[in-house]
>>> print(open('upload14.json').read())   # JSON, C-alpha atoms
[["chain", "number", "residue", "atom", "x", "y", "z"],
["A", 1, "ALA", "CA", -41.37, 25.68, 19.44],
["A", 2, "LEU", "CA", -43.32, 22.69, 18.17],
["A", 3, "MET", "CA", -41.63, 22.90, 14.75],
["A", 4, "ALA", "CA", -38.18, 23.10, 16.38],
["A", 5, "PHE", "CA", -38.97, 20.08, 18.56],
["A", 6, "THR", "CA", -40.18, 18.16, 15.50],
["A", 7, "ARG", "CA", -36.98, 18.92, 13.54],
["A", 8, "LEU", "CA", -34.86, 17.92, 16.54],
["A", 9, "SER", "CA", -36.82, 14.68, 16.95],
["A", 10, "ILE", "CA", -36.41, 13.82, 13.28],
["A", 11, "SER", "CA", -32.66, 14.52, 13.43],
["A", 12, "LEU", "CA", -32.25, 12.30, 16.48],
["A", 13, "LEU", "CA", -34.30, 9.50, 14.97],
["A", 14, "LEU", "CA", -32.40, 9.65, 11.70],
["A", 15, "SER", "CA", -28.83, 9.85, 13.01],
["A", 16, "GLY", "CA", -26.95, 6.85, 11.78],
["A", 17, "LEU", "CA", -24.45, 4.51, 9.71],
["A", 18, "ILE", "CA", -23.71, 2.01, 5.52],
["A", 19, "LEU", "CA", -21.30, 0.01, 3.91],
["A", 20, "SER", "CA", -21.14, -2.08, 0.90],
["A", 21, "ALA", "CA", -19.20, -4.40, -1.27],
["A", 22, "GLY", "CA", -15.45, -4.55, -1.41],
["A", 23, "MET", "CA", -12.30, -6.67, -1.56],
["A", 24, "PRO", "CA", -11.87, -10.37, -0.67],
["A", 25, "ALA", "CA", -12.51, -11.49, 2.91],
["A", 26, "GLN", "CA", -9.74, -11.74, 5.50],
["A", 27, "ALA", "CA", -9.60, -14.04, 8.50],
["A", 28, "ALA", "CA", -10.54, -12.63, 11.90],
["A", 29, "SER", "CA", -11.38, -13.94, 15.34],
["A", 30, "ASP", "CA", -14.93, -14.97, 16.18],
["A", 31, "THR", "CA", -14.61, -12.56, 19.11],
["A", 32, "ALA", "CA", -14.31, -9.52, 16.80],
["A", 33, "THR", "CA", -16.85, -6.90, 17.83],
["A", 34, "VAL", "CA", -19.52, -5.58, 15.51],
["A", 35, "SER", "CA", -17.74, -2.21, 15.42],
["A", 36, "ASP", "CA", -14.49, -3.97, 14.47],
["A", 37, "VAL", "CA", -16.22, -5.87, 11.68],
["A", 38, "THR", "CA", -17.99, -2.72, 10.50],
["A", 39, "ALA", "CA", -14.59, -1.00, 10.18],
["A", 40, "MET", "CA", -13.28, -4.04, 8.28],
["A", 41, "ALA", "CA", -16.24, -3.98, 5.92],
["A", 42, "LEU", "CA", -15.59, -0.34, 5.10],
["A", 43, "GLU", "CA", -12.24, -1.51, 3.74],
["A", 44, "GLY", "CA", -13.86, -4.45, 1.91],
["A", 45, "LYS", "CA", -12.80, -7.17, 4.39],
["A", 46, "TRP", "CA", -14.92, -9.60, 6.44],
["A", 47, "PRO", "CA", -14.22, -12.22, 9.14],
["A", 48, "ALA", "CA", -16.39, -14.83, 7.39],
["A", 49, "ASP", "CA", -17.16, -15.26, 3.71],
["A", 50, "TRP", "CA", -20.67, -14.46, 2.46],
["A", 51, "SER", "CA", -22.44, -14.34, -0.88],
["A", 52, "TYR", "CA", -25.76, -13.59, -2.52],
["A", 53, "GLN", "CA", -26.65, -17.22, -3.25],
["A", 54, "GLY", "CA", -26.64, -20.68, -1.69],
["A", 55, "GLU", "CA", -25.50, -21.63, 1.80],
["A", 56, "ASN", "CA", -23.74, -18.29, 2.34],
["A", 57, "GLY", "CA", -26.63, -16.25, 0.90],
["A", 58, "PRO", "CA", -28.75, -13.56, 2.62],
["A", 59, "ALA", "CA", -31.04, -16.06, 4.37],
["A", 60, "HIS", "CA", -27.97, -17.49, 6.17],
["A", 61, "TRP", "CA", -25.85, -14.38, 6.82],
["A", 62, "GLY", "CA", -26.83, -14.29, 10.49],
["A", 63, "GLU", "CA", -25.40, -17.80, 10.97],
["A", 64, "LEU", "CA", -21.97, -17.19, 9.40],
["A", 65, "HIS", "CA", -20.28, -15.21, 12.19],
["A", 66, "PRO", "CA", -21.34, -13.93, 15.64],
["A", 67, "SER", "CA", -20.92, -10.33, 14.51],
["A", 68, "TYR", "CA", -23.44, -10.94, 11.69],
["A", 69, "SER", "CA", -26.32, -11.68, 14.09],
["A", 70, "LYS", "CA", -28.23, -8.50, 13.21],
["A", 71, "CYS", "CA", -28.68, -9.89, 9.69],
["A", 72, "ALA", "CA", -31.13, -12.39, 11.20],
["A", 73, "ARG", "CA", -32.45, -10.64, 14.31],
["A", 74, "GLY", "CA", -32.29, -6.92, 13.56],
["A", 75, "ARG", "CA", -35.42, -4.77, 13.61],
["A", 76, "VAL", "CA", -34.14, -1.80, 11.54],
["A", 77, "GLN", "CA", -32.71, -3.59, 8.52],
["A", 78, "SER", "CA", -32.14, -2.38, 4.96],
["A", 79, "PRO", "CA", -33.15, -2.24, 2.19],
["A", 80, "VAL", "CA", -36.89, -1.61, 2.48],
["A", 81, "ASP", "CA", -39.84, -0.90, 0.22],
["A", 82, "LEU", "CA", -40.17, 2.88, 0.24],
["A", 83, "GLY", "CA", -43.86, 3.59, 0.45],
["A", 84, "LYS", "CA", -45.66, 6.69, 1.65],
["A", 85, "ALA", "CA", -43.55, 9.06, 3.74],
["A", 86, "THR", "CA", -44.34, 9.22, 7.45],
["A", 87, "THR", "CA", -43.86, 12.98, 7.44],
["A", 88, "ARG", "CA", -42.80, 15.71, 4.99],
["A", 89, "SER", "CA", -40.57, 18.75, 5.29],
["A", 90, "ARG", "CA", -39.81, 21.56, 2.85],
["A", 91, "ARG", "CA", -36.48, 22.02, 4.60],
["A", 92, "SER", "CA", -33.66, 19.73, 3.48],
["A", 93, "THR", "CA", -31.12, 18.61, 6.08],
["A", 94, "VAL", "CA", -28.81, 17.28, 3.33],
["A", 95, "ARG", "CA", -26.22, 19.39, 1.48],
["A", 96, "VAL", "CA", -24.14, 17.87, -1.33],
["A", 97, "ALA", "CA", -21.26, 19.15, -3.48],
["A", 98, "PHE", "CA", -19.05, 17.37, -6.00],
["A", 99, "HIS", "CA", -16.10, 17.94, -8.32],
["A", 100, "PRO", "CA", -14.55, 15.43, -10.79],
["A", 101, "ILE", "CA", -11.89, 13.18, -9.22],
["A", 102, "ARG", "CA", -10.08, 9.95, -10.14],
["A", 103, "TYR", "CA", -11.19, 6.56, -8.86],
["A", 104, "GLU", "CA", -9.84, 3.03, -8.66],
["A", 105, "ILE", "CA", -12.42, 0.41, -9.59],
["A", 106, "PHE", "CA", -12.57, -3.06, -8.00],
["A", 107, "ASN", "CA", -14.52, -6.19, -8.96],
["A", 108, "ASP", "CA", -14.52, -8.49, -5.92],
["A", 109, "GLY", "CA", -17.02, -11.01, -7.24],
["A", 110, "ARG", "CA", -19.88, -9.49, -5.24],
["A", 111, "GLY", "CA", -20.09, -6.20, -7.11],
["A", 112, "ILE", "CA", -18.31, -3.14, -8.49],
["A", 113, "ARG", "CA", -16.76, -0.65, -6.08],
["A", 114, "ALA", "CA", -15.19, 2.70, -7.02],
["A", 115, "VAL", "CA", -12.74, 4.07, -4.44],
["A", 116, "PRO", "CA", -11.72, 7.75, -4.69],
["A", 117, "LEU", "CA", -8.00, 8.44, -5.15],
["A", 118, "GLU", "CA", -8.44, 12.12, -4.32],
["A", 119, "THR", "CA", -10.47, 14.00, -1.72],
["A", 120, "GLN", "CA", -14.04, 14.77, -2.72],
["A", 121, "HIS", "CA", -16.08, 17.65, -1.31],
["A", 122, "PRO", "CA", -17.74, 16.54, 1.95],
["A", 123, "ILE", "CA", -21.49, 16.36, 2.24],
["A", 124, "ARG", "CA", -23.37, 17.73, 5.24],
["A", 125, "ILE", "CA", -26.30, 16.05, 6.97],
["A", 126, "ASP", "CA", -27.76, 17.65, 10.10],
["A", 127, "ARG", "CA", -24.66, 19.91, 10.40],
["A", 128, "HIS", "CA", -22.43, 16.81, 10.34],
["A", 129, "ASP", "CA", -19.74, 16.55, 7.62],
["A", 130, "TYR", "CA", -19.07, 13.25, 5.83],
["A", 131, "THR", "CA", -16.25, 12.27, 3.44],
["A", 132, "LEU", "CA", -16.79, 9.93, 0.49],
["A", 133, "LYS", "CA", -15.29, 6.46, 1.05],
["A", 134, "HIS", "CA", -16.53, 4.57, -2.02],
["A", 135, "ILE", "CA", -19.36, 4.03, -4.50],
["A", 136, "VAL", "CA", -20.99, 0.63, -5.04],
["A", 137, "PHE", "CA", -23.55, -0.56, -7.56],
["A", 138, "ARG", "CA", -26.45, -3.01, -7.07],
["A", 139, "ALA", "CA", -28.33, -4.76, -9.87],
["A", 140, "PRO", "CA", -31.27, -4.80, -9.60],
["A", 141, "SER", "CA", -31.92, -2.04, -7.07],
["A", 142, "GLU", "CA", -31.98, -2.95, -3.40],
["A", 143, "HIS", "CA", -34.63, -0.41, -2.45],
["A", 144, "ALA", "CA", -38.09, -0.73, -3.94],
["A", 145, "PHE", "CA", -40.56, 2.08, -4.56],
["A", 146, "LYS", "CA", -44.09, 0.92, -3.76],
["A", 147, "GLY", "CA", -43.11, -2.58, -4.85],
["A", 148, "ARG", "CA", -41.15, -1.54, -7.93],
["A", 149, "HIS", "CA", -37.44, -2.32, -8.31],
["A", 150, "TYR", "CA", -35.26, -0.42, -10.79],
["A", 151, "PRO", "CA", -32.57, -2.17, -12.86],
["A", 152, "LEU", "CA", -29.64, -0.49, -11.06],
["A", 153, "GLU", "CA", -28.85, 1.37, -7.84],
["A", 154, "ALA", "CA", -25.75, 3.38, -6.89],
["A", 155, "GLN", "CA", -24.81, 3.84, -3.23],
["A", 156, "LEU", "CA", -22.34, 6.56, -2.25],
["A", 157, "VAL", "CA", -20.86, 5.64, 1.13],
["A", 158, "TYR", "CA", -19.58, 8.39, 3.43],
["A", 159, "GLU", "CA", -17.79, 8.46, 6.78],
["A", 160, "ALA", "CA", -17.54, 11.27, 9.33],
["A", 161, "ASP", "CA", -14.48, 11.98, 11.46],
["A", 162, "ASP", "CA", -16.16, 10.32, 14.44],
["A", 163, "GLY", "CA", -16.81, 7.12, 12.45],
["A", 164, "ALA", "CA", -20.48, 7.78, 11.74],
["A", 165, "LEU", "CA", -21.58, 6.70, 8.28],
["A", 166, "ALA", "CA", -24.10, 8.00, 5.76],
["A", 167, "VAL", "CA", -25.17, 6.75, 2.34],
["A", 168, "LEU", "CA", -26.69, 8.51, -0.65],
["A", 169, "ALA", "CA", -28.66, 6.06, -2.80],
["A", 170, "THR", "CA", -30.02, 6.62, -6.28],
["A", 171, "VAL", "CA", -31.68, 4.37, -8.85],
["A", 172, "PHE", "CA", -31.35, 4.29, -12.63],
["A", 173, "THR", "CA", -33.95, 4.04, -15.35],
["A", 174, "PRO", "CA", -33.44, 3.68, -19.14],
["A", 175, "GLY", "CA", -33.24, 7.00, -20.97],
["A", 176, "HIS", "CA", -30.54, 9.49, -21.97],
["A", 177, "SER", "CA", -26.83, 8.62, -21.87],
["A", 178, "ASN", "CA", -25.04, 9.01, -18.53],
["A", 179, "PRO", "CA", -21.40, 10.02, -19.06],
["A", 180, "SER", "CA", -20.16, 8.77, -15.68],
["A", 181, "LEU", "CA", -21.79, 5.35, -16.05],
["A", 182, "ALA", "CA", -20.32, 5.17, -19.55],
["A", 183, "ALA", "CA", -16.82, 5.87, -18.17],
["A", 184, "LEU", "CA", -17.20, 3.27, -15.42],
["A", 185, "THR", "CA", -18.24, 0.54, -17.85],
["A", 186, "ARG", "CA", -15.95, 1.40, -20.77],
["A", 187, "GLN", "CA", -13.49, -1.45, -20.09],
["A", 188, "PRO", "CA", -14.14, -5.05, -18.97],
["A", 189, "LEU", "CA", -13.22, -5.87, -15.39],
["A", 190, "ALA", "CA", -13.17, -9.55, -14.47],
["A", 191, "GLU", "CA", -13.66, -10.87, -10.94],
["A", 192, "GLY", "CA", -10.59, -10.12, -8.83],
["A", 193, "GLN", "CA", -9.37, -7.36, -11.12],
["A", 194, "GLN", "CA", -8.99, -3.64, -10.49],
["A", 195, "ARG", "CA", -8.04, -0.63, -12.58],
["A", 196, "VAL", "CA", -7.38, 3.06, -12.12],
["A", 197, "MET", "CA", -9.55, 5.33, -14.24],
["A", 198, "ASP", "CA", -7.44, 7.41, -16.61],
["A", 199, "LYS", "CA", -9.66, 10.49, -16.31],
["A", 200, "PRO", "CA", -11.54, 12.16, -13.44],
["A", 201, "LEU", "CA", -15.12, 10.98, -12.96],
["A", 202, "GLY", "CA", -17.95, 13.47, -12.63],
["A", 203, "THR", "CA", -19.82, 12.02, -9.65],
["A", 204, "ARG", "CA", -22.66, 14.56, -9.69],
["A", 205, "VAL", "CA", -24.33, 13.00, -12.75],
["A", 206, "LEU", "CA", -24.81, 9.78, -10.78],
["A", 207, "LEU", "CA", -27.46, 11.71, -8.82],
["A", 208, "PRO", "CA", -30.73, 13.15, -10.15],
["A", 209, "ARG", "CA", -30.85, 16.75, -11.34],
["A", 210, "ARG", "CA", -33.37, 17.61, -8.64],
["A", 211, "LEU", "CA", -32.76, 16.22, -5.16],
["A", 212, "PRO", "CA", -36.00, 15.45, -3.27],
["A", 213, "HIS", "CA", -35.30, 12.45, -1.08],
["A", 214, "LEU", "CA", -36.39, 10.19, 1.74],
["A", 215, "ARG", "CA", -34.40, 9.96, 4.96],
["A", 216, "LEU", "CA", -34.63, 6.93, 7.20],
["A", 217, "ASN", "CA", -32.67, 4.82, 9.62],
["A", 218, "GLY", "CA", -31.59, 1.42, 8.39],
["A", 219, "SER", "CA", -28.67, -0.96, 8.32],
["A", 220, "LEU", "CA", -25.78, -2.13, 6.26],
["A", 221, "THR", "CA", -27.16, -4.15, 3.35],
["A", 222, "THR", "CA", -24.19, -6.54, 3.64],
["A", 223, "PRO", "CA", -22.77, -8.29, 6.72],
["A", 224, "PRO", "CA", -22.50, -7.41, 9.54],
["A", 225, "CYS", "CA", -25.88, -5.68, 8.87],
["A", 226, "THR", "CA", -25.07, -3.05, 11.51],
["A", 227, "GLU", "CA", -28.10, -0.95, 12.42],
["A", 228, "GLY", "CA", -28.24, 2.83, 12.84],
["A", 229, "VAL", "CA", -27.35, 3.52, 9.21],
["A", 230, "ASN", "CA", -28.37, 6.96, 7.96],
["A", 231, "TRP", "CA", -29.93, 6.51, 4.51],
["A", 232, "VAL", "CA", -30.71, 9.30, 2.04],
["A", 233, "VAL", "CA", -32.58, 7.80, -0.92],
["A", 234, "PHE", "CA", -33.34, 10.09, -3.86],
["A", 235, "THR", "CA", -36.86, 9.65, -5.18],
["A", 236, "GLN", "CA", -36.22, 10.80, -8.78],
["A", 237, "PRO", "CA", -34.48, 8.14, -10.94],
["A", 238, "VAL", "CA", -31.32, 8.97, -12.88],
["A", 239, "GLN", "CA", -31.31, 8.25, -16.61],
["A", 240, "ALA", "CA", -28.78, 6.08, -18.42],
["A", 241, "THR", "CA", -29.07, 4.20, -21.69],
["A", 242, "ARG", "CA", -30.22, 0.60, -21.60],
["A", 243, "ALA", "CA", -26.80, -0.39, -22.99],
["A", 244, "GLN", "CA", -25.03, 1.39, -20.11],
["A", 245, "ILE", "CA", -27.25, -0.23, -17.48],
["A", 246, "ASP", "CA", -26.74, -3.63, -19.12],
["A", 247, "ALA", "CA", -22.97, -3.07, -19.22],
["A", 248, "MET", "CA", -22.81, -2.39, -15.48],
["A", 249, "THR", "CA", -25.04, -5.41, -14.82],
["A", 250, "ARG", "CA", -22.63, -7.59, -16.81],
["A", 251, "LEU", "CA", -19.66, -6.23, -14.84],
["A", 252, "ILE", "CA", -21.41, -7.08, -11.57],
["A", 253, "GLY", "CA", -21.98, -10.57, -12.93],
["A", 254, "GLN", "CA", -24.88, -11.69, -10.70],
["A", 255, "PRO", "CA", -27.86, -10.23, -8.86],
["A", 256, "ASN", "CA", -26.30, -8.51, -5.85],
["A", 257, "ASN", "CA", -29.27, -6.94, -4.11],
["A", 258, "ARG", "CA", -30.23, -8.02, -0.62],
["A", 259, "PRO", "CA", -33.97, -8.82, -0.44],
["A", 260, "VAL", "CA", -36.28, -6.14, 0.94],
["A", 261, "GLN", "CA", -36.56, -6.24, 4.75],
["A", 262, "PRO", "CA", -39.59, -5.50, 6.98],
["A", 263, "ALA", "CA", -39.99, -1.77, 7.64],
["A", 264, "HIS", "CA", -41.58, -2.24, 11.10],
["A", 265, "ARG", "CA", -43.36, 1.14, 11.00],
["A", 266, "ARG", "CA", -40.10, 2.90, 10.29],
["A", 267, "LEU", "CA", -40.04, 6.69, 10.24],
["A", 268, "MET", "CA", -39.53, 7.93, 6.67],
["A", 269, "VAL", "CA", -39.10, 11.67, 6.22],
["A", 270, "GLU", "CA", -39.57, 13.17, 2.77],
["A", 271, "GLU", "CA", -37.46, 16.29, 2.32],
["A", 272, "MET", "CA", -38.01, 18.58, -0.64],
["A", 273, "ARG", "CA", -35.27, 20.56, -2.30]]
>>> encode(input="upload14.json", output="structure tokens")
Amino acid sequence: ALMAFTRLSISLLLSGLILSAGMPAQAASDTATVSDVTAMALEGKWPADWSYQGENGPAHWGELHPSYSKCARGRVQSPVDLGKATTRSRRSTVRVAFHPIRYEIFNDGRGIRAVPLETQHPIRIDRHDYTLKHIVFRAPSEHAFKGRHYPLEAQLVYEADDGALAVLATVFTPGHSNPSLAALTRQPLAEGQQRVMDKPLGTRVLLPRRLPHLRLNGSLTTPPCTEGVNWVVFTQPVQATRAQIDAMTRLIGQPNNRPVQPAHRRLMVEEMR
């Protein structure tokens, strides 16, 4: 009974919502609700422009629009430095499955976003199914591991039928060639450009071979910084050649990682698989 209560408590504490980079901003009323702006951000649109530097940078996001207030005042913000897990479980609540599909790639000046043109297998978290919405890349990584940042992070953003969101995050380290990263970086893509990939992309190789991970509640790492985001961060880095990592970094064009946020004694559950 105690184990069942513990699993239920973890599931309740970890239920959540992420988004990421996308297309150019569109105008919207200052009265737009946070849920409205979250839905806009999922499509790569925002009511007020933001950036990673200067007057519109992360330190000022909370001032740019009323719906961005959590960026300044939130208590469960992402990314964080992933230290020692609060608790561990040998039972994984995350189930993933992939098959190669075609993507359209966008460079919006804030990062690279790959949007699926076909339906991908859903993932399941706590008996809840999520559909892939897009993949974004951060250079260097947004999450840190005991103070260490990796040169690149991929975030796979999912949405459930009821609007709940989940994100799978993985970091890259120099090593063997990664065929999917090679395909994504094969052609230049200037700011404001987009292209459709001519061949299906094997998404599975963007994740580590083995899938131990940390689960935690967090937020969007871009405005409106909505809290309640369900993060699944894989603890084993994925390998790619230094040239492939550098190529993606050049496509991104600037550091696009939000600074690490205070964890505030956040629950972090390590699940083995």
>>> closest_residue(input="upload14.json", among="A:Pro259, A:Gly218, A:Gly175, A:Pro212", to="A:Val238", atoms="only C-alpha atoms")
A:Gly175
>>> residues_around(input="upload14.json", residues="A:Cys225", least_positions_apart="3", cutoff="10 Å", atoms="only C-alpha atoms", output="JSON list (two decimals) with C-alpha atoms, in the coordinates of the input")
[["chain", "number", "residue", "atom", "x", "y", "z"],
["A", 18, "ILE", "CA", -23.71, 2.01, 5.52],
["A", 19, "LEU", "CA", -21.30, 0.01, 3.91],
["A", 20, "SER", "CA", -21.14, -2.08, 0.90],
["A", 34, "VAL", "CA", -19.52, -5.58, 15.51],
["A", 38, "THR", "CA", -17.99, -2.72, 10.50],
["A", 61, "TRP", "CA", -25.85, -14.38, 6.82],
["A", 62, "GLY", "CA", -26.83, -14.29, 10.49],
["A", 67, "SER", "CA", -20.92, -10.33, 14.51],
["A", 68, "TYR", "CA", -23.44, -10.94, 11.69],
["A", 69, "SER", "CA", -26.32, -11.68, 14.09],
["A", 70, "LYS", "CA", -28.23, -8.50, 13.21],
["A", 71, "CYS", "CA", -28.68, -9.89, 9.69],
["A", 72, "ALA", "CA", -31.13, -12.39, 11.20],
["A", 73, "ARG", "CA", -32.45, -10.64, 14.31],
["A", 74, "GLY", "CA", -32.29, -6.92, 13.56],
["A", 76, "VAL", "CA", -34.14, -1.80, 11.54],
["A", 77, "GLN", "CA", -32.71, -3.59, 8.52],
["A", 78, "SER", "CA", -32.14, -2.38, 4.96],
["A", 218, "GLY", "CA", -31.59, 1.42, 8.39],
["A", 219, "SER", "CA", -28.67, -0.96, 8.32],
["A", 220, "LEU", "CA", -25.78, -2.13, 6.26],
["A", 221, "THR", "CA", -27.16, -4.15, 3.35],
["A", 222, "THR", "CA", -24.19, -6.54, 3.64],
["A", 228, "GLY", "CA", -28.24, 2.83, 12.84],
["A", 229, "VAL", "CA", -27.35, 3.52, 9.21]]
>>> closest_residue(input="upload14.json", among="A:Ser51, A:Asn107, A:Gln236, A:Ser35", to="A:Phe137", atoms="all atoms listed in the file")
A:Asn107
>>> residues_around(input="upload14.json", residues="A:Val232", least_positions_apart="4", cutoff="7 Å", atoms="all atoms listed in the file", output="list in words")
Val167, Leu168, Ala169, His213, Leu214, Arg215 and Leu216 of chain A
>>> closest_residue(input="upload14.json", among="A:Ile245, A:Leu82, A:Val171, A:Ile252", to="A:Leu156", atoms="all atoms listed in the file")
A:Val171
>>> residues_around(input="upload14.json", residues="A:His99", least_positions_apart="6", cutoff="8 Å", atoms="all atoms listed in the file", output="PDB file with C-alpha atoms, keeping the file's coordinate frame")
ATOM      1  CA  GLN A 120     -14.040  14.770  -2.720  1.00  0.00           C
ATOM      2  CA  HIS A 121     -16.080  17.650  -1.310  1.00  0.00           C
ATOM      3  CA  GLY A 202     -17.950  13.470 -12.630  1.00  0.00           C
ATOM      4  CA  THR A 203     -19.820  12.020  -9.650  1.00  0.00           C
ATOM      5  CA  ARG A 204     -22.660  14.560  -9.690  1.00  0.00           C
TER       6      ARG A 204
END
>>> residues_around(input="upload14.json", residues="stretch 115-117 of chain A", least_positions_apart="4", cutoff="9 Å", atoms="all atoms listed in the file", output="list in words")
Ile101, Arg102, Tyr103, Glu104, Ile105, Phe106, Leu132, Lys133, His134, Ile135, Val136 and Val196 of chain A
